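**Student:** The following file, work-v8.cif, comprises mmCIF, C-alpha atoms:
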data_input
loop_
_atom_site.label_atom_id
_atom_site.label_comp_id
_atom_site.auth_asym_id
_atom_site.auth_seq_id
_atom_site.Cartn_x
_atom_site.Cartn_y
_atom_site.Cartn_z
CA MET A 1 -18.31 19.30 -28.86
CA SER A 2 -21.95 19.88 -27.96
CA THR A 3 -23.23 23.24 -26.74
CA ALA A 4 -24.52 21.53 -23.59
CA ALA A 5 -20.93 20.70 -22.65
CA LEU A 6 -19.64 24.28 -23.04
CA PRO A 7 -19.74 25.13 -19.29
CA LEU A 8 -17.69 22.02 -18.50
CA ALA A 9 -15.29 22.80 -21.34
CA LYS A 10 -14.70 26.30 -19.96
CA LEU A 11 -13.83 24.87 -16.56
CA LEU A 12 -11.38 22.48 -18.19
CA ARG A 13 -9.73 25.14 -20.37
CA PRO A 14 -6.65 25.72 -18.11
CA ILE A 15 -5.94 21.97 -18.03
CA ALA A 16 -6.46 21.70 -21.79
CA ASP A 17 -4.11 24.62 -22.43
CA SER A 18 -1.47 22.98 -20.23
CA LEU A 19 -1.74 19.73 -22.19
CA VAL A 20 -1.32 21.55 -25.49
CA TYR A 21 1.64 23.52 -24.15
CA LEU A 22 3.44 20.40 -22.92
CA GLN A 23 3.05 18.65 -26.26
CA SER A 24 3.73 21.59 -28.58
CA THR A 25 6.59 23.35 -26.77
CA LYS A 26 10.15 22.18 -27.31
CA VAL A 27 12.78 22.22 -24.58
CA HIS A 28 15.04 24.17 -26.95
CA PRO A 29 14.48 24.57 -30.70
CA THR A 30 18.14 23.91 -31.52
CA TRP A 31 20.01 22.21 -28.68
CA PHE A 32 17.27 19.86 -27.53
CA PRO A 33 14.36 19.93 -30.02
CA PHE A 34 12.09 17.56 -28.10
CA ALA A 35 8.67 18.32 -26.65
CA LEU A 36 8.30 19.05 -22.96
CA ALA A 37 5.88 16.17 -22.32
CA PRO A 38 8.24 13.25 -23.12
CA THR A 39 11.18 15.08 -21.57
CA ILE A 40 9.28 15.58 -18.31
CA HIS A 41 8.23 11.94 -18.46
CA ALA A 42 11.87 10.91 -18.85
CA THR A 43 12.85 13.13 -15.93
CA ARG A 44 10.20 11.78 -13.57
CA ILE A 45 10.95 8.15 -14.47
CA SER A 46 14.65 8.82 -13.91
CA ILE A 47 13.92 10.19 -10.43
CA ALA A 48 11.69 7.21 -9.58
CA TYR A 49 14.20 4.69 -10.91
CA GLN A 50 17.16 6.25 -9.13
CA ALA A 51 15.21 6.24 -5.87
CA LYS A 52 14.64 2.50 -6.33
CA VAL A 53 18.26 1.62 -7.10
CA ALA A 54 19.91 3.98 -4.62
CA GLY A 55 22.79 2.24 -2.88
CA ARG A 56 22.74 -0.80 -5.18
CA PRO A 57 25.80 -1.46 -7.33
CA LEU A 58 24.57 -1.75 -10.92
CA SER A 59 26.61 -1.87 -14.09
CA TRP A 60 25.93 0.91 -16.58
CA PRO A 61 24.22 -1.40 -19.12
CA THR A 62 21.93 -2.77 -16.39
CA TYR A 63 21.26 0.71 -15.05
CA LEU A 64 20.33 2.18 -18.43
CA ALA A 65 18.33 -0.81 -19.66
CA GLY A 66 16.28 -0.96 -16.45
CA TYR A 67 15.47 2.71 -16.73
CA LEU A 68 14.38 2.39 -20.38
CA ILE A 69 12.13 -0.56 -19.53
CA MET A 70 10.46 1.58 -16.88
CA CYS A 71 10.07 4.41 -19.41
CA TRP A 72 8.80 2.46 -22.40
CA GLY A 73 7.19 -0.66 -20.95
CA GLY A 74 3.72 0.84 -21.26
CA THR A 75 3.96 2.08 -24.83
CA THR A 76 5.74 -1.11 -25.96
CA LEU A 77 3.08 -3.36 -24.46
CA THR A 78 0.17 -1.34 -25.85
CA HIS A 79 1.64 -1.48 -29.35
CA LEU A 80 2.33 -5.20 -29.10
CA LEU A 81 -1.18 -5.90 -27.79
CA LEU A 82 -2.60 -4.17 -30.87
CA SER A 83 -0.06 -5.80 -33.25
CA LEU A 84 1.63 -2.47 -34.04
CA PRO A 85 5.39 -1.78 -34.17
CA PRO A 86 6.56 -0.20 -30.86
CA PRO A 87 8.36 3.16 -31.33
CA PRO A 88 11.47 2.09 -29.33
CA PHE A 89 12.08 -0.55 -32.01
CA HIS A 90 12.44 1.97 -34.84
CA SER A 91 12.99 5.48 -33.44
CA ALA A 92 16.56 6.50 -32.55
CA GLN A 93 15.35 9.94 -31.41
CA LEU A 94 13.57 8.35 -28.46
CA TYR A 95 16.88 7.19 -27.05
CA ILE A 96 18.33 10.68 -27.24
CA ASN A 97 15.22 12.21 -25.68
CA TYR A 98 15.15 9.79 -22.75
CA LEU A 99 18.79 8.96 -22.05
CA THR A 100 19.97 12.58 -21.97
CA PRO A 101 17.86 13.67 -18.96
CA HIS A 102 18.60 10.41 -17.18
CA ILE A 103 22.37 10.76 -17.48
CA LEU A 104 22.26 14.42 -16.44
CA LEU A 105 20.13 13.62 -13.39
CA THR A 106 22.39 10.71 -12.52
CA ILE A 107 25.34 13.10 -12.39
CA LEU A 108 23.33 15.65 -10.40
CA PHE A 109 22.16 13.16 -7.74
CA SER A 110 25.60 11.57 -7.48
CA LEU A 111 27.04 15.00 -6.63
CA ASN A 112 24.23 15.83 -4.18
CA PRO A 113 22.25 12.73 -3.06
CA ASN A 114 20.12 14.84 -0.70
CA LEU A 115 18.27 16.27 -3.71
CA LEU A 116 16.77 12.83 -4.38
CA SER A 117 13.78 13.13 -2.04
CA PRO A 118 10.77 11.17 -3.37
CA GLN A 119 8.48 12.68 -0.75
CA LEU A 120 9.16 16.28 -1.74
CA LEU A 121 9.47 15.63 -5.47
CA ASP A 122 6.25 13.59 -5.63
CA THR A 123 4.42 16.29 -3.68
CA PHE A 124 5.65 19.09 -5.90
CA PHE A 125 5.24 17.35 -9.25
CA PHE A 126 2.07 15.27 -8.92
CA PRO A 127 -0.08 17.62 -11.10
CA LEU A 128 2.57 17.50 -13.81
CA ASP A 129 2.79 13.71 -13.45
CA ALA A 130 -0.96 13.45 -14.04
CA LEU A 131 -0.81 15.62 -17.17
CA VAL A 132 2.03 13.60 -18.68
CA ARG A 133 0.43 10.29 -17.72
CA THR A 134 -2.88 11.32 -19.29
CA THR A 135 -1.04 12.15 -22.50
CA ALA A 136 0.43 8.64 -22.54
CA ILE A 137 -2.95 7.02 -21.83
CA THR A 138 -4.82 8.91 -24.55
CA ALA A 139 -1.97 8.29 -27.00
CA GLY A 140 -2.42 4.58 -26.35
CA LEU A 141 -6.17 4.86 -26.87
CA ASN A 142 -5.65 6.75 -30.13
CA LEU A 143 -3.80 3.70 -31.45
CA LEU A 144 -7.23 2.11 -31.78
CA ASN A 145 -7.88 4.54 -34.66
CA ASN A 146 -5.16 2.82 -36.70
CA PRO A 147 -6.89 1.01 -39.59
CA SER A 148 -4.72 -2.07 -39.10
CA VAL A 149 -6.05 -2.68 -35.58
CA ASN A 150 -8.56 -5.51 -35.27
CA PRO A 151 -12.10 -4.04 -35.25
CA ALA A 152 -13.00 -6.31 -32.33
CA PHE A 153 -10.50 -4.35 -30.19
CA VAL A 154 -11.94 -1.02 -31.30
CA ALA A 155 -15.50 -2.04 -30.44
CA SER A 156 -14.69 -3.57 -27.06
CA PRO A 157 -14.85 -1.29 -23.99
CA LEU A 158 -12.71 -3.84 -22.14
CA THR A 159 -9.88 -3.27 -24.62
CA HIS A 160 -10.06 0.47 -23.97
CA LEU A 161 -9.78 -0.10 -20.22
CA ILE A 162 -6.88 -2.53 -20.63
CA ILE A 163 -5.04 -0.10 -22.91
CA GLY A 164 -5.58 2.68 -20.37
CA ALA A 165 -4.23 0.56 -17.53
CA VAL A 166 -1.23 -0.73 -19.50
CA ALA A 167 -0.33 2.68 -20.93
CA SER A 168 -0.46 4.16 -17.43
CA ALA A 169 1.31 1.47 -15.40
CA GLY A 170 2.99 -0.86 -17.89
CA GLY A 171 6.49 0.56 -17.48
CA GLY A 172 6.54 0.42 -13.70
CA LEU A 173 5.00 -3.06 -13.65
CA ALA A 174 7.47 -4.37 -16.24
CA ALA A 175 10.49 -2.95 -14.40
CA ALA A 176 9.35 -4.33 -11.04
CA THR A 177 8.33 -7.73 -12.43
CA LEU A 178 11.77 -8.13 -14.02
CA SER A 179 13.48 -6.87 -10.81
CA THR A 180 15.44 -4.28 -12.77
CA TRP A 181 16.50 -2.61 -9.50
CA ASN A 182 19.06 -5.43 -9.09
CA GLN A 183 22.18 -6.36 -11.00
CA GLU A 184 20.82 -9.88 -11.51
CA TRP A 185 17.36 -9.62 -13.02
CA SER A 186 14.72 -12.21 -12.19
CA PHE A 187 11.06 -12.75 -12.99
CA SER A 188 8.74 -12.11 -10.05
CA THR A 189 5.07 -11.45 -9.27
CA PRO A 190 3.87 -8.11 -10.69
CA PRO A 191 3.56 -5.60 -7.82
CA VAL A 192 -0.15 -5.03 -8.38
CA LEU A 193 -0.79 -8.72 -7.60
CA ARG A 194 1.24 -8.83 -4.40
CA ARG A 195 -0.28 -8.95 -0.97
CA GLY A 196 -0.74 -5.62 0.76
CA VAL A 197 -0.41 -3.44 -2.34
CA GLY A 198 -3.53 -1.53 -1.32
CA LEU A 199 -5.69 1.01 -3.10
CA TRP A 200 -3.00 3.66 -3.54
CA GLY A 201 -0.31 1.19 -4.47
CA SER A 202 -2.36 0.18 -7.51
CA VAL A 203 -3.75 3.58 -8.50
CA ASP A 204 -1.57 3.70 -11.62
CA VAL A 205 -3.42 0.63 -12.91
CA TRP A 206 -7.07 1.32 -12.05
CA GLY A 207 -6.56 5.07 -12.45
CA GLY A 208 -5.40 4.52 -16.03
CA ALA A 209 -8.45 2.37 -16.74
CA LEU A 210 -10.68 5.04 -15.20
CA VAL A 211 -9.18 7.73 -17.43
CA ALA A 212 -9.81 5.49 -20.45
CA LEU A 213 -13.45 5.17 -19.36
CA VAL A 214 -13.80 8.93 -18.87
CA TYR A 215 -12.15 9.65 -22.22
CA GLY A 216 -14.26 7.12 -24.11
CA MET A 217 -17.54 8.26 -22.62
CA SER A 218 -16.86 11.98 -22.91
CA THR A 219 -15.96 11.60 -26.59
CA SER A 220 -19.06 9.38 -27.05
CA HIS A 221 -17.00 6.50 -28.44
CA PRO A 222 -19.27 3.76 -29.86
CA ALA A 223 -17.54 1.16 -27.68
CA PHE A 224 -19.18 2.70 -24.61
CA SER A 225 -22.69 3.13 -26.02
CA GLY A 226 -23.95 0.03 -24.19
CA PHE A 227 -22.57 1.30 -20.89
CA GLN A 228 -24.07 4.74 -21.50
CA ASN A 229 -27.45 3.16 -22.31
CA SER A 230 -27.29 1.30 -19.01
CA LEU A 231 -26.65 4.55 -17.14
CA SER A 232 -29.53 6.29 -18.90
CA SER A 233 -31.85 3.39 -17.99
CA TYR A 234 -31.12 4.15 -14.35
CA GLY A 235 -32.30 7.74 -14.76
CA LEU A 236 -28.95 9.29 -15.76
CA ALA A 237 -30.19 10.63 -19.09
CA ALA A 238 -27.24 13.02 -19.37
CA PHE A 239 -25.00 10.03 -20.11
CA ALA A 240 -27.19 8.61 -22.89
CA PRO A 241 -25.44 8.37 -26.29
CA GLY A 242 -26.12 11.57 -28.21
CA ALA A 243 -27.49 13.40 -25.18
CA GLY A 244 -24.66 15.90 -25.51
CA THR A 245 -24.37 16.96 -21.88
CA PHE A 246 -20.93 15.42 -21.43
CA VAL A 247 -19.80 15.12 -25.05
CA LEU A 248 -16.47 16.90 -25.35
CA SER A 249 -13.82 17.37 -28.00
CA PRO A 250 -10.84 14.97 -27.79
CA LEU A 251 -8.81 17.73 -26.11
CA GLY A 252 -11.60 18.47 -23.64
CA ALA A 253 -11.90 14.76 -22.87
CA ARG A 254 -8.16 14.58 -22.24
CA ALA A 255 -8.44 17.54 -19.89
CA LEU A 256 -11.29 15.86 -18.00
CA GLY A 257 -9.24 12.66 -17.69
CA ALA A 258 -6.23 14.66 -16.51
CA THR A 259 -8.39 16.36 -13.85
CA VAL A 260 -9.47 12.96 -12.54
CA LEU A 261 -5.88 11.77 -12.45
CA ILE A 262 -4.66 14.93 -10.69
CA VAL A 263 -7.16 14.29 -7.91
CA LEU A 264 -6.15 10.62 -7.62
CA PHE A 265 -2.41 11.37 -7.64
CA GLY A 266 -2.89 14.10 -5.06
CA LEU A 267 -4.73 11.68 -2.77
CA ARG A 268 -1.98 9.13 -3.26
CA VAL A 269 0.73 11.61 -2.32
CA TYR A 270 -1.16 12.51 0.84
CA ASN A 271 -1.85 8.92 1.88
CA VAL A 272 1.59 7.56 1.00
CA HIS A 273 3.90 10.41 1.99
CA TRP A 274 2.10 12.61 4.50
CA ARG A 275 -0.70 10.78 6.27
CA SER A 276 1.67 8.17 7.71
CA ALA A 277 4.14 10.92 8.58
CA SER A 278 1.69 12.59 10.98
CA PRO A 279 2.91 12.46 14.57
CA ALA A 280 1.29 9.63 16.44
CA VAL A 281 -0.41 10.31 19.78
CA ALA A 282 1.46 8.55 22.57
CA PRO A 283 -0.70 6.01 24.44
CA PRO A 284 -1.42 6.61 28.15
CA ARG A 285 1.52 5.48 30.24
CA THR A 286 0.80 2.63 32.64
CA PRO A 287 2.56 3.16 35.96
CA GLY A 288 5.23 0.56 36.60
CA MET A 289 6.95 -0.65 39.75
CA GLY A 290 9.38 2.23 39.63
CA ASP A 291 6.55 4.78 39.53
CA ARG A 292 4.80 3.22 42.53
CA SER A 293 8.06 3.15 44.51
CA ARG A 294 8.71 6.82 43.77
CA ALA A 295 5.13 7.71 44.74
CA LYS A 296 5.44 5.80 48.04
CA LYS A 297 8.76 7.49 48.84
CA SER A 298 7.23 10.88 48.13
CA ARG A 299 4.37 10.24 50.58
CA LEU A 300 6.82 9.16 53.33
CA GLN A 301 8.73 12.40 52.91
#
As structure tokens, please, write out the structure in this file.

**Tutor:**
Amino acid sequence: MSTAALPLAKLLRPIADSLVYLQSTKVHPTWFPFALAPTIHATRISIAYQAKVAGRPLSWPTYLAGYLIMCWGGTTLTHLLLSLPPPPFHSAQLYINYLTPHILLTILFSLNPNLLSPQLLDTFFFPLDALVRTTAITAGLNLLNNPSVNPAFVASPLTHLIIGAVASAGGGLAAATLSTWNQEWSFSTPPVLRRGVGLWGSVDVWGGALVALVYGMSTSHPAFSGFQNSLSSYGLAAFAPGAGTFVLSPLGARALGATVLIVLFGLRVYNVHWRSASPAVAPPRTPGMGDRSRAKKSRLQ
């Protein structure tokens, strides 16, 4: 990290510390020795999936498989795109880490369905969602450091953006495209391509790509040198390769990406859950026949 970026790094320190804590701290060293980050991810996906399937009769195999697709669609697709073996294909521990919270939450919400409130849960947990999502995005980008990955992918900024988008939104898109909320699955148009999805309905996709851009530029990845040269040619010399103003360590870059995503997720929560919930102002009432009759009767009296 350059000395010019030290003030920015100090501002990002609380976010960076939170990212380290989530990845290095286990839920319990003996009874559940899995890191907080994937466990929180499993918990949030379970809540989102159960909100989607509420009231729909699904068999247990359908219910569990749909949930796992929503959890691992992103990481599976990113590995397959880079010709790498996806972790769900060879790691049994993943199934323990993800199925345990899902089954426990299923029992909890079946006993008290009122606890399953997407509006309140999304509002309370959106900063945590952004931290966990950033971890997934940067983990996908770090796959490009694997020596078996095609060098053309490593050198292409487009690949970085695609990996960011897929790592961020791949699970939700895969689950929705396969209609895993239903007992009978069917292939349908991905939600991001449907009419009326809007800016905030697609923030998982373009937000993931934006975090990949922020991460690549702030770590001064060679794939983004052309883009940085273009910015410097427009007078933004701070973004020139080697300028150092915004060159951060990988952890600092993750923290900067997480900050961007926290802002975006916060705006989404407001626009989706609260802005539309604001009480509407009633339009002026146009007097009808009954009003005129009552007014006439009042004058006669």

**Student:** So which one's closest to A:Phe125, A:Ser249, A:Thr219, A:Ile40, A:Asn271? Using only C-alpha atoms, please.

**Tutor:**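 Residue with the minimum atom-to-atom distance to A:Phe125: A:Ile40.
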
**Student:** On this structure, the PyMOL selection byres ((chain A and resi 138-153) around 8) would catch which residues? List them as a list of chain:residue names, sorted by chain and number.

**Tutor:** A:Thr75, A:Thr78, A:His79, A:Leu82, A:Ser83, A:Leu84, A:Thr134, A:Thr135, A:Ala136, A:Ile137, A:Val154, A:Ala155, A:Ser156, A:Thr159, A:His160, A:Ile163, A:Gly164, A:Ala167, A:Ala212, A:Tyr215, A:Arg254

**Student:** So which residues touch A:Leu99 within 12 Å, counting only C-alpha atoms, skipping near sequence neighbours fewer than 3 positions away, as a VMD selection string?

**Tutor:** chain A and resid 38 to 39 41 to 43 45 to 46 63 to 69 71 to 72 92 to 96 102 to 106

**Student:** So which one's closest to A:Val27, A:Gly196, A:Ser59, A:Leu12, A:Pro101? Using all atoms listed in the file, please.

**Tutor:**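 Comparing A:Gly196, A:Ser59, A:Leu12, A:Pro101 against A:Val27, the winner is A:Pro101.
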
**Student:** Check what the PyMOL selection byres ((chain A and resi 114-123) around 10) selects in the file above and give those residues as a PyMOL selection string.

**Tutor:** chain A and resi 44+47-48+50-52+54+105+108-113+124-129+265-266+268-270+272-274

**Student:** Counting all atoms listed in the file, which residue out of A:Ala165, A:Gly207, A:Pro61, A:Ala176 sits closest to A:Arg194?

**Tutor:** A:Ala176

**Student:** Between atom CA of A:Pro191 and atom CA of A:Val53, what is the spacing in Å?

**Tutor:** 16.4 Å

**Student:** How many Å lie between atom CA of A:Met70 and atom CA of A:Val166, rounded to one decimal?

**Tutor:**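 Interatomic distance here is 12.2 Å.
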
**Student:** To one decimal place, how far is atom CA of A:Leu213 from atom CA of A:Pro87 in Å?

**Tutor:**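 Interatomic distance here is 25.0 Å.
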
**Student:** Looking at A:Thr259, A:Leu161, A:Ala175, A:Trp200, which one is nearest to A:Ser188, with distances taken over only C-alpha atoms?

**Tutor:** A:Ala175
